[in-house]
Every structure is written in C-alpha cells, then in structure tokens.
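Engineer: One structure follows; several queries about it will come next.
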Amino acid sequence: MAANFEVVYEDNHLLAVNKASGILSQGDKTGDDSILELAKAYLVKKYDKSGEAYLGLPHRLDRPTSGLIILAKTSKALSRLNKMFQDHEVQKTYWAVVKDKPNPPNGHLRHYLVRDNQKNKSTAFDKEMPGGKLAELDYQTLYSLDNYHLLEVKPKTGRHHQIRSQLAKIGCPIKGDLKYGFPRSNHDASIHLHARSAEFIHPVKKEKMRITAPANSKDPIWKVCNKAFPAKASEFL
C-alpha cells in the first residue's frame, strides 16, 4: 500500500480506495490530510483536470482503522450510495485481530451502545439503556496465529465504534486499541481493525459487486492473514 491509500477499483461512477491506518476519512480541525482530499488530488493529476475533482464520501472509517472506503465520482452515485448505506444495503466485512479467542468462536452480538461525545467513545450494554442505540454484528474466528486470533466481523448496524466496543464487551479488545482496553498500543498508533470488503449493488450499473482491500502487507500479523486468505480482485457477482 502507498503511504496513504491505494486504488482498488475505479470506474466512471465509483472510486474505491484502501485507506492506511492513521489517515482521516474526512478533514477535521487538525488540518491533517484526509482520504477525501488525497483522492481528489489523485483524480486531478490522473485526468489532468484544471479544477477540483468531484468526490462524495457516503461513509467513513475511524482514523486508526485501515481498509476500504467507497467514494462517489458523480452526484447521482453519491445520492444512491448515501441511501444504500442508510438502509444497510451495503454488506461490509471487517477483519479484527484480538488476543483472546472469543467464546463461542463464532456468534452474534447484540448490545446497546451509549456514546460519550467528550471521550469519543461508546460503551456496550447488555440491556437497553437511556440514550443507547441497538448494535448487532456477526463474527467468525477465521484463523489463529501464535498469540492472536483473526476474526471476520459483519456489522448489521452502523453505530459509533461498534466493532471496537462490542468486541471489548466480550473480553476481546482489538490489538492496539488502548481506548477499548487492549493493554499495549501498536508502535504506529494503528489498531488491528481493517475494512476488508463490501458487497452491494452498483449504484448506476445495477449489478451486484464485491470490492476487496488487502490489509497492510508491511505489518507482520496482517501479512500472515493476507497469505492465509488472499484478496480477490474486485468483481461483479
């Protein structure tokens, strides 16, 4: 992967990129580079545009999370993708590396998440709580390394820090995620959570497709995971 992102799929309507950990999805008060601005610059250079390129951002990833972000190159694609994400018609699949194997190894999690905006953190509860929002996901233990376990996670809802808080709730905080209870940070401030793939109906072509983004091959753990489960090329299904 390039320092910030790599393009994993592009056509006249979509630009799908593999975001590196540590890069913002969208600009904020820090003024740091964001995927949205970096991808616009990529399009300007590639197509030798005289002005700014149009790109819409229908969804986001947390800054320490790596992986797939789908951007819209046209307003038509953006409006349709916005609705698809709101209606949970995009099936996203994540990889998460945890220290302790979940029990059971495969399952469904259902919690109520209460968000603390000041701490930028969500807490998962087993029972309904004031201000809590229902969060559901499916997980599967894909692979066990010497000291860690690779989980495949498919969220059914799109809550703030959902995967991070729900896995922490069952005693499986993500490697490097100090905010949610992992004891040590990663040297690059990343966490081992990666948006691996997405399946959805193309907003213009109306065909089902899958886009896959490999995890960071420079990281020893991700390198082993990529080798065990090689990324397929983006494809129409």
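Just remember, in the structure tokens the first chain shown is A, the second B, etc., residues are 1-based per chain, and ligands are 1-based in the order shown.
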Once you count only C-alpha atoms, what closest atom pair and distance in Å to one decimal does each residue of stretch 185-217 of chain A within 10 Å of stretch 57-63 of chain A have, with rows by chain and rising residue number, as CSV?

Structural biologist:
```
residue,atom,partner,partner_atom,distance
A:Ala189,CA,A:Arg63,CA,9.8
A:Ser190,CA,A:Arg63,CA,8.3
A:Ile191,CA,A:Arg63,CA,9.4
A:Leu193,CA,A:Asp62,CA,9.6
A:His194,CA,A:Leu61,CA,9.3
A:Ala195,CA,A:Leu61,CA,8.1
```

Engineer: With only C-alpha atoms as the atoms that count, which of A:Ile69, A:Val97, A:Ala77, A:Ala39 lies nearest to A:Leu14?

Structural biologist: A:Ala77

Engineer: Compile the contact shell of A:Lys208 as a ChimeraX atom specification: residues with an atom at most 10 Å away, counting only C-alpha atoms, same-chain residues fewer than 4 positions apart removed.

Structural biologist: /A:199-203,235-237

Engineer: Just want the 10 Å neighbourhood of A:Ser144, counted on only C-alpha atoms, with same-chain residues fewer than 4 positions away dropped. Output as a ChimeraX atom specification.

Structural biologist: /A:97-99,101,148-151,225

Engineer: Write out the residues from the selection above, keeping N, CA and C atoms, as a PDB file, in the first residue's frame.

Structural biologist:
```
ATOM      1  N   VAL A  97      -8.091  -8.351  14.711  1.00  0.00           N
ATOM      2  CA  VAL A  97      -7.141  -9.232  15.390  1.00  0.00           C
ATOM      3  C   VAL A  97      -7.255  -9.003  16.891  1.00  0.00           C
ATOM      4  N   VAL A  98      -7.494 -10.088  17.627  1.00  0.00           N
ATOM      5  CA  VAL A  98      -7.679  -9.997  19.078  1.00  0.00           C
ATOM      6  C   VAL A  98      -6.735 -10.967  19.780  1.00  0.00           C
ATOM      7  N   LYS A  99      -6.455 -10.704  21.050  1.00  0.00           N
ATOM      8  CA  LYS A  99      -5.544 -11.541  21.833  1.00  0.00           C
ATOM      9  C   LYS A  99      -6.232 -12.819  22.300  1.00  0.00           C
ATOM     10  N   LYS A 101      -9.291 -15.568  22.172  1.00  0.00           N
ATOM     11  CA  LYS A 101     -10.278 -16.144  21.264  1.00  0.00           C
ATOM     12  C   LYS A 101     -11.668 -16.025  21.869  1.00  0.00           C
ATOM     13  N   TYR A 148      -2.373 -14.516  18.620  1.00  0.00           N
ATOM     14  CA  TYR A 148      -3.566 -13.732  18.311  1.00  0.00           C
ATOM     15  C   TYR A 148      -4.533 -14.546  17.468  1.00  0.00           C
ATOM     16  N   HIS A 149      -5.734 -13.980  17.319  1.00  0.00           N
ATOM     17  CA  HIS A 149      -6.770 -14.640  16.533  1.00  0.00           C
ATOM     18  C   HIS A 149      -7.376 -13.638  15.565  1.00  0.00           C
ATOM     19  N   LEU A 150      -7.589 -14.093  14.325  1.00  0.00           N
ATOM     20  CA  LEU A 150      -8.198 -13.259  13.300  1.00  0.00           C
ATOM     21  C   LEU A 150      -9.697 -13.531  13.259  1.00  0.00           C
ATOM     22  N   LEU A 151     -10.478 -12.466  13.442  1.00  0.00           N
ATOM     23  CA  LEU A 151     -11.936 -12.565  13.373  1.00  0.00           C
ATOM     24  C   LEU A 151     -12.437 -11.881  12.108  1.00  0.00           C
ATOM     25  N   CYS A 225      -2.085 -12.987   7.685  1.00  0.00           N
ATOM     26  CA  CYS A 225      -3.516 -13.087   7.389  1.00  0.00           C
ATOM     27  C   CYS A 225      -3.785 -12.978   5.890  1.00  0.00           C
TER      28      CYS A 225
END
```

Engineer: Determine the nearest neighbour of A:Asn186 from the options A:Gly67, A:Lys206, A:Asn18, A:Ile174, counting only C-alpha atoms.

Structural biologist: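 Using only C-alpha atoms, A:Asn186 sits closest to A:Ile174.
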
Engineer: Can you tell me, as a PyMOL selection string, what residues are no more than 10 Å from A:Asn12 when counting only C-alpha atoms, ignoring any on the same chain fewer than 4 positions away?

Structural biologist: chain A and resi 72-74+77+204

Engineer: Just asking: which residues within stretch 18-143 of chain A are strand (DSSP E) according to DSSP, as a PyMOL selection string?

Structural biologist: chain A and resi 18-19+66-72+91-98+106-116+121-125+133-143

Engineer: Would you please work out which residue, of A:Ala135, A:Ile163, A:Leu55, A:Met209, is nearest to A:Tyr9 when using only C-alpha atoms?

Structural biologist: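 Among the listed residues, the smallest separation from A:Tyr9 belongs to A:Met209.
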